[in-house]
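The next block holds one structure in the form of structure tokens; read it before the comments.
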Amino acid sequence: MRQKEDLPPPLAGGQLIIGTIALSTASFMTILDSALASVSISAIAGDLGVSPSQSTWVVTGFGAANAIAVPLAGWLSQRFGQVRLLVTLVLMFVTSSFLCGLAPNIESLIIMRVIQGLCVGPIIPLSQTLLLSSYPAAKAGTALAASSITVMVAPVIGPVMGGWLTDTLSWRWVFFVNAPVGLTVAALVWIVYRKREMQPKLVRVDIVGLALLAVWVGSLQMMIGLGRELDWFDSWTIVGLAVSAAIGLVLFLCWELTDEHPVIDLRLFANYNYALGTVVLAGGFALFMANSVLMPLWLQQHMGYTAMLSGATVAPVGILSIILTPWVGRNLHRHDARILIVLGLGSYALAFWIRSGFTPQTEMSTVMLASFVQGASSSFFFIPLQATMYQGLNTGRTPGAVGLASFIRLLMGAVGAATCVSLWESRATMHRAHLVENLPAESAAIIQAQGSLQAAGLGVDQQYSTISRMIDQQAFTLAATEISHASAIIYLLLMLVAWRMRVPSRPKAGQPLHPPKTPEVTGEEHSGPVSTAPIRP
């Protein structure tokens with residue numbers, strides 16, 4: 001057994017490669033599952049004989065449970081051990097996924113999806129923490145690169161893969177596909193990391209804080225999931241959920257800042273770089289997810305693209321990320337991280353500025369060009385930002401810091417996507433009204449369009465239906481370009497915030513990522529917050 005004051009040395013050779021692949025695949029699998037299921041809702045509703053509104057709980061229940069479980073990564077890893085916990089959660093995820101595929105009705109499917117979400121929550125921060133411990137500080141960028149690829153690529157290929165599985169096999173295979181991947185990941189993680197396990201500690205859990213977290217996050221997630229269907233704040237259900245989320249959040253913040261054993265350590269925000277980095281991460285990822293949802297919707301619903309074709313159009317986001325991310329990871333320690341972060345944010349601004357000029361006549365090559373630029377942005381943004389955020393944090397605070405950042409990223413991604421789609425539809429409705437007002441029935445444009453459609457053999461009703469679709473296409477395109485333009489401006493503002501971060505000292509090769517020693521904790525209960533207790537091997 002290692003001495004308590006020793007930290008596990010970095011991995012090397014085949015163990016490092018296998019460990020990196022296993023942990024990256026664990027994150028990839030869980031993120032991919034969310035994207036896979038989202039495109040199968042209609043098929044699930046039809047097969048199980050329920051309404052589309054009932055089937056949306058398959059996504060909403062998963063998202064709420066996921067967000068609630070993420071902040072618990074720090075406490076759970078100390079109580080049970082990082083490696084044991086990760087392997088157990090992956091196996092539980094596989095089991096619940098398989099049961100999702102066998103679900104005979106919507107009720108059992110929703111229950112299994114909630115269990116899935118609870119398992120998924122801590123997997124990503126645990127995977128990132130073990131990755132960081134596997135590399136020396138000079139190679140930390142490589143570890144973060146592997147993790148960042150999964151975050152950026154999975155949401156891109158997920159809808160395409162989910163659509164293909166649903167169309168060619170069944171929606172049940174969206175869940176069955178997790179089984180062989182998850183079992184392989186669990187086996188590899190245990191083989192590589194079992195001897196690096198920390199000693200569990202009997203730490204207290206903040207029951208009140210956990211309950212308040214469940215209330216406000218659950219209310220917010222349900223509000224997001226049901227908002228569009230219930231017409232947002234015109235529904236008393238949405239108003240009630242919003243009030244519940246707001247009150248729960250205020251009480252949660254008050255309790256966590258004063259409790260001796262908080263479920264998450266909000267005092268992490270006292271770290272200057274972590275606080276600013278979290279603001280940039282939250283804003284950047286919210287915009288990323290918002291536009292990742294918006295672009296396929298616009299292409300499929302109003303530009304005539306198939307699901308597979310729209311996936312191929314936005315795929316360069318993932319392709320270029322895969323190409324550039326390893327280079328960024330290898331060379332991160334050689335450059336001022338702020339320059340790379342600003343470069344990534346500036347590239348995002350450029351990508352969305354290109355999209356702000358789209359029209360219904362925009363060619364596929366132009367759409368792909370913006371996706372290529374966005375792919376480069378992802379590589380230069382996420383890895384340097386995470387490296388700068390976590391640099392200098394005490395070893396024991398890293399799991400809590402990663403978990404809190406992952407929680408905020410997930411939450412803001414969901415908020416960004418839901419807000420974007422709602423804003424897109426409302427702006428499109430406004431633009432359509434303006435277009436119709438300025439286009440009377442006897443206008444020359446209408447007469448010319450009717451003449452062309454009549455010459456094509458369309459009847460009067462078909463002519464007006466076609467013209468209506470053309471107006472819708474123009475209205476939704478205008479709304480999409482407005483959102484792209486606003487996104488570009490916000491990314492420029494985030495550049496200013498990122499530049500205010502402090503440049504951490506550049507570690508030398510072989511230097512451990514975290515300080516080699518942390519204050520000793522004895523006894524069954526520690527005297528500080530749960531997420532700040534030192535994690536000792």
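Labels used: A, B, ... for chains in the order of the structure tokens, numbers from 1 for residues in each chain, and numbers from 1 for ligands as shown.
Within 8 Å of stretch 364-371 of chain A there are Thr313, Val314, Ala315, Pro316, Val317, Ala351, Phe352, Ile354 and Arg355 of chain A, counting only C-alpha atoms and ignoring same-chain residues fewer than 5 positions away.
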Would you write out those residues with C-alpha atoms, as a tab-separated table (two decimals), in the first residue's frame?
chain	number	residue	atom	x	y	z
A	313	THR	CA	-23.42	19.36	-42.97
A	314	VAL	CA	-22.63	20.09	-39.32
A	315	ALA	CA	-20.23	17.15	-38.93
A	316	PRO	CA	-17.13	19.29	-39.68
A	317	VAL	CA	-17.52	20.67	-36.16
A	351	ALA	CA	-18.36	31.18	-37.38
A	352	PHE	CA	-21.59	32.72	-36.16
A	354	ILE	CA	-20.80	33.77	-41.24
A	355	ARG	CA	-24.08	32.15	-40.25
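Near A:Arg500, within 8 Å and counting only C-alpha atoms, sit A:Leu276, A:Leu496, A:Val497, not including residues fewer than 3 positions from it in the same chain.
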Got time to write the residues from that selection, C-alpha atoms, as a compact mmCIF listing (two decimals), in the first residue's frame?
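The result, stored in again-v5.txt:
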# COMPACT_ATOMS: atom_id res chain seq x y z
CA LEU A 276 -13.93 33.85 -14.37
CA LEU A 496 -12.81 40.32 -22.73
CA VAL A 497 -13.70 38.23 -19.68
Shell around A:Leu210 at 9 Å using only C-alpha atoms, local window under 2 positions removed, as a PDB file with N, CA and C atoms, in the first residue's frame:
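Output below, filename out_19.pdb:
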ATOM      1  N   ILE A  68     -28.792  16.884 -11.186  1.00  0.00           N
ATOM      2  CA  ILE A  68     -28.791  16.777  -9.729  1.00  0.00           C
ATOM      3  C   ILE A  68     -27.608  15.949  -9.240  1.00  0.00           C
ATOM      4  N   LEU A  72     -22.553  15.845  -6.879  1.00  0.00           N
ATOM      5  CA  LEU A  72     -22.245  14.874  -5.842  1.00  0.00           C
ATOM      6  C   LEU A  72     -20.952  14.116  -6.111  1.00  0.00           C
ATOM      7  N   VAL A 205     -22.763  13.926   4.669  1.00  0.00           N
ATOM      8  CA  VAL A 205     -23.439  14.439   3.476  1.00  0.00           C
ATOM      9  C   VAL A 205     -24.450  15.499   3.895  1.00  0.00           C
ATOM     10  N   ASP A 206     -24.534  16.523   3.118  1.00  0.00           N
ATOM     11  CA  ASP A 206     -25.433  17.647   3.388  1.00  0.00           C
ATOM     12  C   ASP A 206     -26.828  17.313   2.869  1.00  0.00           C
ATOM     13  N   ILE A 207     -27.647  16.730   3.737  1.00  0.00           N
ATOM     14  CA  ILE A 207     -28.978  16.283   3.319  1.00  0.00           C
ATOM     15  C   ILE A 207     -29.856  17.463   2.894  1.00  0.00           C
ATOM     16  N   VAL A 208     -29.833  18.539   3.680  1.00  0.00           N
ATOM     17  CA  VAL A 208     -30.657  19.705   3.359  1.00  0.00           C
ATOM     18  C   VAL A 208     -30.230  20.325   2.038  1.00  0.00           C
ATOM     19  N   LEU A 212     -32.480  20.692  -1.377  1.00  0.00           N
ATOM     20  CA  LEU A 212     -32.704  21.974  -2.053  1.00  0.00           C
ATOM     21  C   LEU A 212     -32.177  21.942  -3.483  1.00  0.00           C
ATOM     22  N   LEU A 213     -31.038  21.271  -3.683  1.00  0.00           N
ATOM     23  CA  LEU A 213     -30.492  21.126  -5.034  1.00  0.00           C
ATOM     24  C   LEU A 213     -31.476  20.390  -5.931  1.00  0.00           C
ATOM     25  N   ALA A 214     -32.045  19.299  -5.407  1.00  0.00           N
ATOM     26  CA  ALA A 214     -33.007  18.530  -6.191  1.00  0.00           C
ATOM     27  C   ALA A 214     -34.238  19.361  -6.533  1.00  0.00           C
ATOM     28  N   VAL A 215     -34.672  20.197  -5.588  1.00  0.00           N
ATOM     29  CA  VAL A 215     -35.878  21.004  -5.822  1.00  0.00           C
ATOM     30  C   VAL A 215     -35.655  22.014  -6.936  1.00  0.00           C
ATOM     31  N   PHE A 252     -30.904  27.407  -1.463  1.00  0.00           N
ATOM     32  CA  PHE A 252     -29.734  26.551  -1.650  1.00  0.00           C
ATOM     33  C   PHE A 252     -28.444  27.342  -1.487  1.00  0.00           C
ATOM     34  N   PRO A 262     -21.133  21.483   3.121  1.00  0.00           N
ATOM     35  CA  PRO A 262     -21.978  21.674   1.930  1.00  0.00           C
ATOM     36  C   PRO A 262     -21.839  20.517   0.939  1.00  0.00           C
ATOM     37  N   VAL A 263     -22.932  20.260   0.208  1.00  0.00           N
ATOM     38  CA  VAL A 263     -22.892  19.191  -0.777  1.00  0.00           C
ATOM     39  C   VAL A 263     -22.006  19.569  -1.958  1.00  0.00           C
ATOM     40  N   ILE A 264     -21.925  20.854  -2.279  1.00  0.00           N
ATOM     41  CA  ILE A 264     -20.959  21.360  -3.245  1.00  0.00           C
ATOM     42  C   ILE A 264     -20.283  22.589  -2.627  1.00  0.00           C
TER      43      ILE A 264
END
Give me, as number ranges by chain, all polymer residues having an atom no more than 10 Å from A:Trp353, counting only C-alpha atoms and skipping those fewer than 2 positions away in the same chain. A: 347-351, 355-358, 370, 481-482, 484-489
Could those residues be written to a file, using C-alpha atoms, as a tab-separated table (two decimals), in the first residue's frame?
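After the write, part.tsv holds the following:
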chain	number	residue	atom	x	y	z
A	347	SER	CA	-13.22	31.84	-34.06
A	348	TYR	CA	-16.65	31.12	-32.59
A	349	ALA	CA	-17.60	34.75	-33.25
A	350	LEU	CA	-16.39	34.40	-36.86
A	351	ALA	CA	-18.36	31.18	-37.38
A	355	ARG	CA	-24.08	32.15	-40.25
A	356	SER	CA	-25.68	35.53	-39.66
A	357	GLY	CA	-25.49	36.06	-43.43
A	358	PHE	CA	-27.35	32.87	-44.38
A	370	ALA	CA	-19.08	27.84	-40.86
A	481	THR	CA	-29.55	34.71	-38.55
A	482	GLU	CA	-30.53	37.10	-35.75
A	484	SER	CA	-26.30	33.82	-34.93
A	485	HIS	CA	-25.52	37.54	-34.96
A	486	ALA	CA	-26.30	37.88	-31.25
A	487	SER	CA	-24.16	34.80	-30.51
A	488	ALA	CA	-21.20	36.35	-32.33
A	489	ILE	CA	-21.48	39.52	-30.22
Which of stretch 284-365 of chain A end up as helix (DSSP H, G or I) when DSSP is run on this backbone - answer as an NGL selection string? :A and (284-302 or 307-314 or 316-334 or 337-355 or 364-365)
Residue contacts of A:Ile123 (9 Å, only C-alpha atoms) excluding same-chain residues fewer than 4 positions away, as a PDB file with all heavy atoms, in the first residue's frame:
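Output file selection-v1.pdb follows:
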ATOM      1  N   ALA A  26     -15.856   6.541 -21.664  1.00  0.00           N
ATOM      2  CA  ALA A  26     -16.897   6.625 -20.633  1.00  0.00           C
ATOM      3  C   ALA A  26     -17.663   7.942 -20.752  1.00  0.00           C
ATOM      4  O   ALA A  26     -18.902   7.967 -20.726  1.00  0.00           O
ATOM      5  CB  ALA A  26     -16.274   6.489 -19.244  1.00  0.00           C
ATOM      6  N   SER A  27     -16.926   9.047 -20.890  1.00  0.00           N
ATOM      7  CA  SER A  27     -17.578  10.344 -21.062  1.00  0.00           C
ATOM      8  C   SER A  27     -18.353  10.401 -22.368  1.00  0.00           C
ATOM      9  O   SER A  27     -19.499  10.884 -22.419  1.00  0.00           O
ATOM     10  CB  SER A  27     -16.530  11.461 -21.022  1.00  0.00           C
ATOM     11  OG  SER A  27     -15.878  11.510 -19.777  1.00  0.00           O
ATOM     12  N   THR A  30     -21.742   8.473 -22.290  1.00  0.00           N
ATOM     13  CA  THR A  30     -22.832   9.096 -21.544  1.00  0.00           C
ATOM     14  C   THR A  30     -23.399  10.316 -22.268  1.00  0.00           C
ATOM     15  O   THR A  30     -24.613  10.536 -22.278  1.00  0.00           O
ATOM     16  CB  THR A  30     -22.348   9.499 -20.148  1.00  0.00           C
ATOM     17  OG1 THR A  30     -21.211  10.366 -20.271  1.00  0.00           O
ATOM     18  CG2 THR A  30     -21.941   8.280 -19.344  1.00  0.00           C
ATOM     19  N   VAL A  70     -24.609  15.436 -10.725  1.00  0.00           N
ATOM     20  CA  VAL A  70     -23.263  15.908 -11.052  1.00  0.00           C
ATOM     21  C   VAL A  70     -22.521  16.507  -9.859  1.00  0.00           C
ATOM     22  O   VAL A  70     -21.365  16.150  -9.601  1.00  0.00           O
ATOM     23  CB  VAL A  70     -23.318  16.931 -12.221  1.00  0.00           C
ATOM     24  CG1 VAL A  70     -22.008  17.681 -12.341  1.00  0.00           C
ATOM     25  CG2 VAL A  70     -23.607  16.209 -13.528  1.00  0.00           C
ATOM     26  N   ALA A  73     -20.319  14.367  -7.259  1.00  0.00           N
ATOM     27  CA  ALA A  73     -19.115  13.610  -7.619  1.00  0.00           C
ATOM     28  C   ALA A  73     -18.034  13.734  -6.557  1.00  0.00           C
ATOM     29  O   ALA A  73     -17.372  12.742  -6.216  1.00  0.00           O
ATOM     30  CB  ALA A  73     -18.595  14.089  -8.974  1.00  0.00           C
ATOM     31  N   LEU A  85     -16.249   3.824  -7.567  1.00  0.00           N
ATOM     32  CA  LEU A  85     -17.466   4.551  -7.902  1.00  0.00           C
ATOM     33  C   LEU A  85     -17.672   4.611  -9.404  1.00  0.00           C
ATOM     34  O   LEU A  85     -18.783   4.358  -9.903  1.00  0.00           O
ATOM     35  CB  LEU A  85     -17.397   5.969  -7.328  1.00  0.00           C
ATOM     36  CG  LEU A  85     -18.583   6.882  -7.630  1.00  0.00           C
ATOM     37  CD1 LEU A  85     -19.864   6.313  -7.049  1.00  0.00           C
ATOM     38  CD2 LEU A  85     -18.321   8.290  -7.089  1.00  0.00           C
ATOM     39  N   LEU A  86     -16.617   4.934 -10.152  1.00  0.00           N
ATOM     40  CA  LEU A  86     -16.763   5.047 -11.600  1.00  0.00           C
ATOM     41  C   LEU A  86     -17.164   3.720 -12.224  1.00  0.00           C
ATOM     42  O   LEU A  86     -18.089   3.664 -13.057  1.00  0.00           O
ATOM     43  CB  LEU A  86     -15.458   5.548 -12.217  1.00  0.00           C
ATOM     44  CG  LEU A  86     -15.458   5.695 -13.750  1.00  0.00           C
ATOM     45  CD1 LEU A  86     -16.547   6.659 -14.195  1.00  0.00           C
ATOM     46  CD2 LEU A  86     -14.093   6.175 -14.242  1.00  0.00           C
ATOM     47  N   LEU A  89     -20.824   2.933 -11.350  1.00  0.00           N
ATOM     48  CA  LEU A  89     -21.773   3.776 -12.083  1.00  0.00           C
ATOM     49  C   LEU A  89     -21.879   3.353 -13.548  1.00  0.00           C
ATOM     50  O   LEU A  89     -22.975   3.354 -14.116  1.00  0.00           O
ATOM     51  CB  LEU A  89     -21.347   5.244 -11.986  1.00  0.00           C
ATOM     52  CG  LEU A  89     -21.513   5.905 -10.617  1.00  0.00           C
ATOM     53  CD1 LEU A  89     -20.924   7.305 -10.626  1.00  0.00           C
ATOM     54  CD2 LEU A  89     -22.982   5.950 -10.216  1.00  0.00           C
ATOM     55  N   VAL A  90     -20.753   2.999 -14.163  1.00  0.00           N
ATOM     56  CA  VAL A  90     -20.796   2.550 -15.556  1.00  0.00           C
ATOM     57  C   VAL A  90     -21.610   1.264 -15.675  1.00  0.00           C
ATOM     58  O   VAL A  90     -22.425   1.114 -16.599  1.00  0.00           O
ATOM     59  CB  VAL A  90     -19.370   2.347 -16.107  1.00  0.00           C
ATOM     60  CG1 VAL A  90     -19.413   1.660 -17.466  1.00  0.00           C
ATOM     61  CG2 VAL A  90     -18.651   3.687 -16.230  1.00  0.00           C
ATOM     62  N   CYS A 119     -26.887   7.914 -12.700  1.00  0.00           N
ATOM     63  CA  CYS A 119     -25.592   7.253 -12.916  1.00  0.00           C
ATOM     64  C   CYS A 119     -24.656   8.120 -13.752  1.00  0.00           C
ATOM     65  O   CYS A 119     -23.447   8.180 -13.494  1.00  0.00           O
ATOM     66  CB  CYS A 119     -25.793   5.909 -13.611  1.00  0.00           C
ATOM     67  SG  CYS A 119     -26.723   4.696 -12.660  1.00  0.00           S
ATOM     68  N   SER A 127     -14.258  10.866 -14.596  1.00  0.00           N
ATOM     69  CA  SER A 127     -13.360  10.523 -15.697  1.00  0.00           C
ATOM     70  C   SER A 127     -12.301  11.601 -15.887  1.00  0.00           C
ATOM     71  O   SER A 127     -11.115  11.304 -16.089  1.00  0.00           O
ATOM     72  CB  SER A 127     -14.163  10.331 -16.990  1.00  0.00           C
ATOM     73  OG  SER A 127     -15.106   9.282 -16.859  1.00  0.00           O
ATOM     74  N   GLN A 128     -12.705  12.861 -15.822  1.00  0.00           N
ATOM     75  CA  GLN A 128     -11.749  13.953 -15.985  1.00  0.00           C
ATOM     76  C   GLN A 128     -10.734  13.978 -14.846  1.00  0.00           C
ATOM     77  O   GLN A 128      -9.547  14.214 -15.071  1.00  0.00           O
ATOM     78  CB  GLN A 128     -12.494  15.289 -16.054  1.00  0.00           C
ATOM     79  CG  GLN A 128     -13.291  15.499 -17.332  1.00  0.00           C
ATOM     80  CD  GLN A 128     -13.982  16.843 -17.366  1.00  0.00           C
ATOM     81  OE1 GLN A 128     -14.174  17.481 -16.339  1.00  0.00           O
ATOM     82  NE2 GLN A 128     -14.360  17.289 -18.550  1.00  0.00           N
TER      83      GLN A 128
END
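Using only C-alpha atoms, the smallest distance between any of A:Trp75, A:Trp327, A:Phe62, A:Trp57 and A:His261 comes from A:Trp75.
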Could you work out how far atom CA of A:Ala154 lies from atom CA of A:Val120, giving the answer in Å with one decimal?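 Separation between atom CA of A:Val120 and atom CA of A:Ala154: 14.5 Å.
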Between A:Pro8, A:Gly81, A:Gly227, A:Gly163, which is the closest to A:Pro136 once you count only C-alpha atoms?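 Ranked by minimum distance to A:Pro136, first place goes to A:Pro8.
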Between atom CA of A:Val328 and atom CA of A:Tyr135, measure the distance and give it in Å to one decimal. 15.4 Å
As a check of understanding: the span from atom CA of A:Pro360 to atom CA of A:Phe288 is 22.5 Å
Compile the contact shell of A:Thr306 as a ChimeraX atom specification: residues with an atom at most 12 Å away, counting only C-alpha atoms, same-chain residues fewer than 6 positions apart removed. /A:159-160,163-164,296-300,312-313
So which one's closest to A:Gly413, A:Lys139, A:Ser34, A:Arg196, A:Phe285? Using only C-alpha atoms, please. A:Phe285
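Each of A:Ala103, A:Gly240, A:Ala337, A:Leu411 was checked against A:Trp171 using only C-alpha atoms; the smallest atom-to-atom distance is that of A:Ala103.
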